[in-house]
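Everything below belongs to entry06.txt, which stores compact mmCIF, C-alpha atoms.
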# COMPACT_ATOMS: atom_id res chain seq x y z
CA LEU A 228 87.89 37.23 73.18
CA LEU A 229 86.11 38.88 70.23
CA ASN A 230 83.96 35.84 69.52
CA THR A 231 83.15 34.79 73.09
CA ASP A 232 79.76 35.52 74.66
CA PRO A 233 78.86 35.88 78.35
CA PRO A 234 79.42 34.32 80.80
CA ASP A 235 82.76 33.02 79.43
CA HIS A 236 83.66 36.44 78.05
CA ALA A 237 83.55 38.14 81.46
CA GLY A 238 86.15 35.85 83.01
CA LEU A 239 88.57 36.34 80.14
CA ARG A 240 87.97 40.08 80.10
CA ARG A 241 88.61 40.50 83.82
CA ARG A 242 92.03 38.89 83.57
CA VAL A 243 93.43 41.10 80.82
CA PRO A 244 93.49 44.43 82.76
CA LYS A 245 95.58 42.76 85.47
CA ALA A 246 98.35 42.32 82.91
CA PHE A 247 97.70 45.32 80.63
CA THR A 248 97.68 48.11 83.20
CA PRO A 249 98.06 51.88 82.64
CA ARG A 250 101.29 51.69 84.65
CA ARG A 251 102.73 49.09 82.27
CA VAL A 252 101.78 51.24 79.28
CA ALA A 253 103.36 54.34 80.88
CA GLU A 254 106.58 52.43 81.57
CA PHE A 255 106.69 51.46 77.91
CA ALA A 256 106.33 55.00 76.53
CA PRO A 257 110.11 55.68 76.35
CA ARG A 258 110.57 52.60 74.16
CA VAL A 259 107.87 53.81 71.75
CA GLN A 260 109.58 57.22 71.61
CA GLU A 261 112.94 55.53 70.95
CA LEU A 262 111.48 53.51 68.08
CA THR A 263 109.77 56.60 66.66
CA ASP A 264 112.98 58.66 66.75
CA ARG A 265 115.01 55.86 65.17
CA LEU A 266 112.58 55.39 62.28
CA ILE A 267 112.33 59.14 61.57
CA ASP A 268 116.11 59.53 61.78
CA GLY A 269 116.34 56.89 59.06
CA PHE A 270 114.63 59.08 56.47
CA ALA A 271 114.70 62.65 57.84
CA ASP A 272 117.80 63.68 55.89
CA ARG A 273 116.29 62.47 52.60
CA GLY A 274 113.42 64.96 52.87
CA GLU A 275 110.86 62.36 51.81
CA ALA A 276 109.62 58.94 52.86
CA ASP A 277 106.97 56.31 52.26
CA LEU A 278 104.98 56.97 55.43
CA ILE A 279 103.33 53.54 55.58
CA HIS A 280 106.30 51.37 54.61
CA GLU A 281 109.00 53.26 56.51
CA PHE A 282 107.10 54.43 59.59
CA ALA A 283 103.47 53.45 60.18
CA PHE A 284 104.05 49.76 59.45
CA PRO A 285 107.25 49.02 61.42
CA LEU A 286 106.52 51.23 64.47
CA PRO A 287 103.57 49.30 65.97
CA ILE A 288 104.82 45.84 65.08
CA TYR A 289 108.17 46.38 66.82
CA ALA A 290 106.54 48.23 69.72
CA ILE A 291 103.97 45.51 70.36
CA CYS A 292 106.58 42.78 70.01
CA ASP A 293 108.66 44.51 72.69
CA LEU A 294 105.59 44.93 74.88
CA LEU A 295 104.63 41.26 74.54
CA GLY A 296 108.20 40.11 75.16
CA VAL A 297 109.04 38.71 71.71
CA PRO A 298 112.87 38.50 71.47
CA ARG A 299 114.43 41.07 69.13
CA GLU A 300 115.92 38.37 66.90
CA ASP A 301 112.40 37.04 66.12
CA GLN A 302 110.67 40.36 65.46
CA ASP A 303 111.40 40.51 61.73
CA ASP A 304 109.54 37.20 61.33
CA PHE A 305 106.59 38.79 63.13
CA ARG A 306 106.74 41.74 60.76
CA ASP A 307 106.59 39.40 57.74
CA TRP A 308 103.70 37.35 59.16
CA ALA A 309 101.73 40.45 60.15
CA GLY A 310 102.35 42.02 56.75
CA MET A 311 100.87 39.01 54.98
CA MET A 312 97.81 39.02 57.25
CA ILE A 313 97.13 42.74 56.92
CA ARG A 314 97.39 42.69 53.13
CA HIS A 315 95.05 39.71 52.57
CA GLY A 316 94.67 40.31 48.86
CA GLY A 317 98.39 41.04 48.46
CA GLY A 318 99.10 37.35 48.06
CA PRO A 319 97.36 33.99 47.86
CA ARG A 320 94.95 33.20 50.69
CA GLY A 321 97.11 30.18 51.47
CA GLY A 322 99.91 32.56 52.38
CA VAL A 323 97.66 34.32 54.89
CA ALA A 324 96.64 31.01 56.47
CA ARG A 325 100.27 29.91 56.72
CA SER A 326 101.24 33.20 58.36
CA VAL A 327 98.43 32.90 60.92
CA LYS A 328 99.46 29.31 61.66
CA LYS A 329 103.13 30.26 62.06
CA MET A 330 102.35 33.20 64.35
CA ARG A 331 99.97 31.18 66.52
CA GLY A 332 102.46 28.34 66.74
CA TYR A 333 105.27 30.69 67.67
CA LEU A 334 103.19 32.41 70.36
CA ALA A 335 102.11 29.09 71.85
CA ASP A 336 105.74 27.95 72.07
CA LEU A 337 106.91 31.30 73.48
CA ILE A 338 104.19 31.25 76.15
CA HIS A 339 105.10 27.69 77.12
CA ARG A 340 108.78 28.67 77.50
CA LYS A 341 107.93 31.79 79.49
CA ARG A 342 105.58 29.85 81.78
CA GLU A 343 108.33 27.34 82.51
CA ALA A 344 110.81 30.12 83.34
CA LEU A 345 108.43 32.38 85.29
CA PRO A 346 109.42 32.91 88.95
CA ASP A 347 106.85 31.67 91.46
CA THR A 348 105.84 35.09 92.78
CA PRO A 349 102.29 36.50 92.88
CA GLU A 350 103.30 40.04 91.95
CA PRO A 351 104.78 41.15 88.60
CA LEU A 352 108.48 41.87 88.47
CA PRO A 353 109.87 45.27 87.33
CA GLY A 354 110.05 45.40 83.53
CA GLU A 355 108.07 42.17 83.13
CA ASP A 356 106.67 41.71 79.61
CA LEU A 357 102.98 41.46 78.82
CA ILE A 358 102.96 37.75 77.99
CA SER A 359 104.40 37.01 81.42
CA GLY A 360 101.70 39.25 82.87
CA LEU A 361 99.00 37.33 80.98
CA ILE A 362 100.38 34.04 82.30
CA ARG A 363 100.42 35.39 85.85
CA ALA A 364 96.97 37.03 85.66
CA SER A 365 94.11 35.16 87.28
CA ASP A 366 90.44 35.61 88.08
CA HIS A 367 89.52 34.18 91.49
CA GLY A 368 92.62 32.01 91.31
CA GLU A 369 91.87 30.70 87.81
CA HIS A 370 94.71 31.38 85.37
CA LEU A 371 94.58 31.57 81.59
CA THR A 372 95.43 28.34 79.80
CA GLU A 373 98.34 28.46 77.37
CA ASN A 374 95.86 28.43 74.46
CA GLU A 375 93.90 31.33 75.99
CA ALA A 376 97.10 33.30 76.64
CA ALA A 377 98.23 32.69 73.05
CA ALA A 378 94.86 33.89 71.74
CA MET A 379 95.09 37.01 73.93
CA ALA A 380 98.60 37.76 72.71
CA PHE A 381 97.51 37.23 69.10
CA ILE A 382 94.56 39.62 69.32
CA LEU A 383 96.63 42.26 71.16
CA LEU A 384 99.26 42.05 68.43
CA PHE A 385 96.92 42.08 65.45
CA ALA A 386 94.31 44.51 66.79
CA GLY A 387 96.97 46.96 67.95
CA PHE A 388 99.03 46.63 64.79
CA GLU A 389 96.59 47.15 61.91
CA THR A 390 94.64 49.90 63.69
CA THR A 391 97.80 51.89 64.45
CA VAL A 392 99.07 51.62 60.87
CA ASN A 393 95.75 52.88 59.53
CA LEU A 394 95.36 55.68 62.09
CA ILE A 395 98.84 57.04 61.35
CA GLY A 396 98.10 56.95 57.62
CA ASN A 397 94.55 58.33 57.75
CA GLY A 398 95.43 60.88 60.44
CA THR A 399 98.43 62.22 58.55
CA PHE A 400 96.39 62.49 55.36
CA ALA A 401 93.64 64.36 57.21
CA LEU A 402 96.17 66.85 58.62
CA LEU A 403 97.84 67.34 55.25
CA THR A 404 94.49 68.09 53.60
CA HIS A 405 93.40 70.44 56.42
CA PRO A 406 96.39 72.77 56.77
CA GLU A 407 94.59 75.17 59.12
CA GLN A 408 94.02 72.35 61.61
CA ARG A 409 97.60 71.13 61.18
CA HIS A 410 98.98 74.61 61.88
CA ARG A 411 96.81 74.91 65.01
CA LEU A 412 98.21 71.63 66.30
CA GLN A 413 101.80 72.50 65.45
CA SER A 414 101.54 75.90 67.13
CA SER A 415 100.08 74.41 70.31
CA LEU A 416 102.83 71.79 70.53
CA VAL A 417 105.56 74.38 69.95
CA ALA A 418 104.03 76.35 72.84
CA GLY A 419 104.27 73.25 75.04
CA GLU A 420 100.51 72.69 75.18
CA ARG A 421 99.18 69.14 74.73
CA GLY A 422 95.43 69.70 75.13
CA LEU A 423 94.79 70.01 71.40
CA LEU A 424 96.83 66.87 70.77
CA GLU A 425 94.61 64.86 73.13
CA THR A 426 91.31 66.05 71.64
CA GLY A 427 92.88 65.92 68.17
CA VAL A 428 93.69 62.21 68.35
CA GLU A 429 90.10 61.49 69.37
CA GLU A 430 88.84 63.63 66.47
CA LEU A 431 91.07 61.79 63.99
CA LEU A 432 89.61 58.52 65.30
CA ARG A 433 86.12 59.89 64.62
CA TYR A 434 86.74 61.73 61.35
CA ASP A 435 88.49 58.91 59.46
CA GLY A 436 89.17 56.13 61.92
CA PRO A 437 91.29 53.06 61.26
CA VAL A 438 88.39 50.56 61.37
CA GLU A 439 85.36 51.06 59.12
CA LEU A 440 83.35 48.02 60.19
CA ALA A 441 82.74 46.33 63.54
CA THR A 442 83.48 42.64 64.01
CA TRP A 443 80.97 40.33 62.32
CA ARG A 444 78.00 39.50 64.53
CA PHE A 445 75.17 37.02 63.97
CA ALA A 446 71.57 37.40 65.10
CA THR A 447 70.59 34.89 67.79
CA GLU A 448 66.89 35.56 67.24
CA PRO A 449 64.71 37.29 64.60
CA LEU A 450 64.67 41.07 64.86
CA ALA A 451 64.06 44.25 62.87
CA ILE A 452 66.41 47.24 62.68
CA GLY A 453 65.54 50.35 60.71
CA GLY A 454 62.74 48.57 58.90
CA GLN A 455 65.02 45.70 57.85
CA ASP A 456 64.02 42.17 58.91
CA ILE A 457 66.94 40.07 60.16
CA ALA A 458 66.55 36.32 60.56
CA THR A 459 68.27 34.12 63.14
CA GLY A 460 71.80 33.43 61.98
CA ASP A 461 71.99 36.39 59.61
CA PRO A 462 75.25 38.38 59.77
CA VAL A 463 75.01 41.95 61.06
CA LEU A 464 77.73 44.48 60.26
CA VAL A 465 77.83 47.85 62.01
CA VAL A 466 79.45 50.58 59.88
CA LEU A 467 81.45 52.49 62.48
CA ALA A 468 82.63 55.04 59.92
CA ALA A 469 79.04 56.02 59.11
CA ALA A 470 78.03 56.21 62.78
CA ASP A 471 80.94 58.58 63.44
CA ARG A 472 79.60 60.95 60.75
CA ASP A 473 76.00 60.83 62.01
CA PRO A 474 74.56 64.39 61.82
CA ASP A 475 72.05 63.51 64.56
CA ARG A 476 74.94 62.91 66.94
CA PHE A 477 77.78 65.22 65.85
CA ALA A 478 77.65 68.90 64.97
CA GLU A 479 79.06 69.38 61.46
CA PRO A 480 80.14 65.75 61.26
CA ASP A 481 82.06 66.15 57.99
CA THR A 482 84.25 68.91 59.47
CA LEU A 483 87.62 68.07 61.02
CA ASP A 484 87.81 69.95 64.33
CA LEU A 485 90.78 68.98 66.49
CA SER A 486 89.31 70.85 69.46
CA ARG A 487 85.99 68.94 69.37
CA ARG A 488 84.93 68.14 72.95
CA ASP A 489 81.61 66.36 72.58
CA ASN A 490 83.14 63.38 70.82
CA GLN A 491 81.86 60.00 71.95
CA HIS A 492 82.95 58.29 68.74
CA LEU A 493 82.81 54.54 68.09
CA GLY A 494 86.46 54.16 67.11
CA TYR A 495 86.90 51.62 69.91
CA GLY A 496 83.48 50.01 69.49
CA HIS A 497 80.88 49.85 72.24
CA GLY A 498 79.49 47.44 74.81
CA ILE A 499 81.15 44.37 76.30
CA HIS A 500 83.61 44.10 73.40
CA TYR A 501 84.79 47.71 73.75
CA CYS A 502 88.47 47.80 72.79

Hey, can you dump this file as structure tokens for me?
Amino acid sequence: LLNTDPPDHAGLRRRVPKAFTPRRVAEFAPRVQELTDRLIDGFADRGEADLIHEFAFPLPIYAICDLLGVPREDQDDFRDWAGMMIRHGGGPRGGVARSVKKMRGYLADLIHRKREALPDTPEPLPGEDLISGLIRASDHGEHLTENEAAAMAFILLFAGFETTVNLIGNGTFALLTHPEQRHRLQSSLVAGERGLLETGVEELLRYDGPVELATWRFATEPLAIGGQDIATGDPVLVVLAAADRDPDRFAEPDTLDLSRRDNQHLGYGHGIHYC
């Protein structure tokens, strides 16, 4: 999906929302809360924890596995594969390639098994997992192939995993180093108000978001940007982190303001590949 151009991109993109609906996400919220509570309960009595290793890392991988429909007994394998991919330099590049191959192979097999077992009904069933939804989704009667469904599942897993780990880590650090903003947020939540939480998450995405660079792009024709000549085939990298601190766009861009309203950040990208 990330590396597909129009017109092929549009057909793939239209099919995903039919499986990944707001209703499905809302139905899944209690499971995320359950995972969150269980992880915190595991270290709360100690009075300290490794935030990344004991919370930020396992929470999204288990949550996304549940959402996709990966059986519980296979989720630890997913955690190991994802850990190797996210670390990159933490081991030999061959280990990363093997992890990608294993995860893709597993997803392809899982999708094949789910397709074989899927009831022949046009509408999703209550509690149906996302992979089943991807298999069922169609655009003008054209369904995803098993390879396309596997690629969709892979990108949902990896894109949702690494970004969540980094946002939890960066966001917590930002709150710890801005105690006045942290106290504002805590006070509002104690009072039962969630407005500051909603604007605050968006501000944390802008202030120190989980993704510094956009996906690699390549120029299809010669062009000039900011006085820099770019030849056909040259790579172009957009620095999202810099754009989100642009003083021409944001008032006091280096200030963390959880109540910031005018906040059209680029944490989710922009254009046809908007996340």

Calculate, to one decimal in Å, the centre and edge lengths of the box along x, y and z of the file that holds all listed atoms of region 477-489 of chain A with 5 Å of margin on each side, and present them as JSON.
{"center_x": 84.2, "center_y": 68.0, "center_z": 65.5, "size_x": 23.1, "size_y": 15.6, "size_z": 25.0}

With a distance cut-off of 8 Å and all atoms listed in the file, select the neighbouring residues of Ile362 (chain A), excluding the residue or stretch itself and same-chain residues fewer than 4 positions from it, and output the selection as a list of chain:residue names.
A:Ile338, A:Arg342, A:Ile358, A:His370, A:Leu371, A:Thr372, A:Glu373, A:Ala376

Can you tell me which residues surround region 393-403 of chain A at a distance of at most 8 Å, considering only C-alpha atoms, apart from same-chain residues fewer than 5 positions away, and format the answer as a PyMOL selection string?
chain A and resi 278-279+283+408-409+431-432+435-438

Which neighbours of Tyr495 (chain A) fall inside 12 Å, counting all atoms listed in the file, when residues of the same chain fewer than 2 positions from it are skipped, and could you give them as a ChimeraX atom specification?
/A:386-387,390,429,432-433,436-442,467-468,471,491-493,497-502

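Rounded to one decimal, CA of Lys245 (chain A) and CA of Asp232 (chain A) lie 20.5 Å from each other.
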
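Closest approach to Val463 (chain A) from the set A:Pro406, A:Pro233, A:Pro449, A:Gly322 is made by A:Pro449, with distances taken over only C-alpha atoms.
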
What would the list of residues within 12 Å of (109.1, 40.1, 71.6) (file frame) look like as a PyMOL selection string, if all atoms listed in the file are what count?
chain A and resi 288-306+333-334+337-338+341+355-359+380+384

Go ahead and save the residues from that selection, with C-alpha atoms, as a PDB file, in the frame of the given file.
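Listing of result-v2.pdb after writing:
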ATOM      1  CA  ILE A 288     104.820  45.840  65.080  1.00  0.00           C
ATOM      2  CA  TYR A 289     108.170  46.380  66.820  1.00  0.00           C
ATOM      3  CA  ALA A 290     106.540  48.230  69.720  1.00  0.00           C
ATOM      4  CA  ILE A 291     103.970  45.510  70.360  1.00  0.00           C
ATOM      5  CA  CYS A 292     106.580  42.780  70.010  1.00  0.00           C
ATOM      6  CA  ASP A 293     108.660  44.510  72.690  1.00  0.00           C
ATOM      7  CA  LEU A 294     105.590  44.930  74.880  1.00  0.00           C
ATOM      8  CA  LEU A 295     104.630  41.260  74.540  1.00  0.00           C
ATOM      9  CA  GLY A 296     108.200  40.110  75.160  1.00  0.00           C
ATOM     10  CA  VAL A 297     109.040  38.710  71.710  1.00  0.00           C
ATOM     11  CA  PRO A 298     112.870  38.500  71.470  1.00  0.00           C
ATOM     12  CA  ARG A 299     114.430  41.070  69.130  1.00  0.00           C
ATOM     13  CA  GLU A 300     115.920  38.370  66.900  1.00  0.00           C
ATOM     14  CA  ASP A 301     112.400  37.040  66.120  1.00  0.00           C
ATOM     15  CA  GLN A 302     110.670  40.360  65.460  1.00  0.00           C
ATOM     16  CA  ASP A 303     111.400  40.510  61.730  1.00  0.00           C
ATOM     17  CA  ASP A 304     109.540  37.200  61.330  1.00  0.00           C
ATOM     18  CA  PHE A 305     106.590  38.790  63.130  1.00  0.00           C
ATOM     19  CA  ARG A 306     106.740  41.740  60.760  1.00  0.00           C
ATOM     20  CA  TYR A 333     105.270  30.690  67.670  1.00  0.00           C
ATOM     21  CA  LEU A 334     103.190  32.410  70.360  1.00  0.00           C
ATOM     22  CA  LEU A 337     106.910  31.300  73.480  1.00  0.00           C
ATOM     23  CA  ILE A 338     104.190  31.250  76.150  1.00  0.00           C
ATOM     24  CA  LYS A 341     107.930  31.790  79.490  1.00  0.00           C
ATOM     25  CA  GLU A 355     108.070  42.170  83.130  1.00  0.00           C
ATOM     26  CA  ASP A 356     106.670  41.710  79.610  1.00  0.00           C
ATOM     27  CA  LEU A 357     102.980  41.460  78.820  1.00  0.00           C
ATOM     28  CA  ILE A 358     102.960  37.750  77.990  1.00  0.00           C
ATOM     29  CA  SER A 359     104.400  37.010  81.420  1.00  0.00           C
ATOM     30  CA  ALA A 380      98.600  37.760  72.710  1.00  0.00           C
ATOM     31  CA  LEU A 384      99.260  42.050  68.430  1.00  0.00           C
TER      32      LEU A 384
END

Just the residues within 12 Å of Ile452 (chain A), please, counting only C-alpha atoms, with nothing from its chain fewer than 5 positions along; format it as a PyMOL selection string.
chain A and resi 446+457-458+463-465
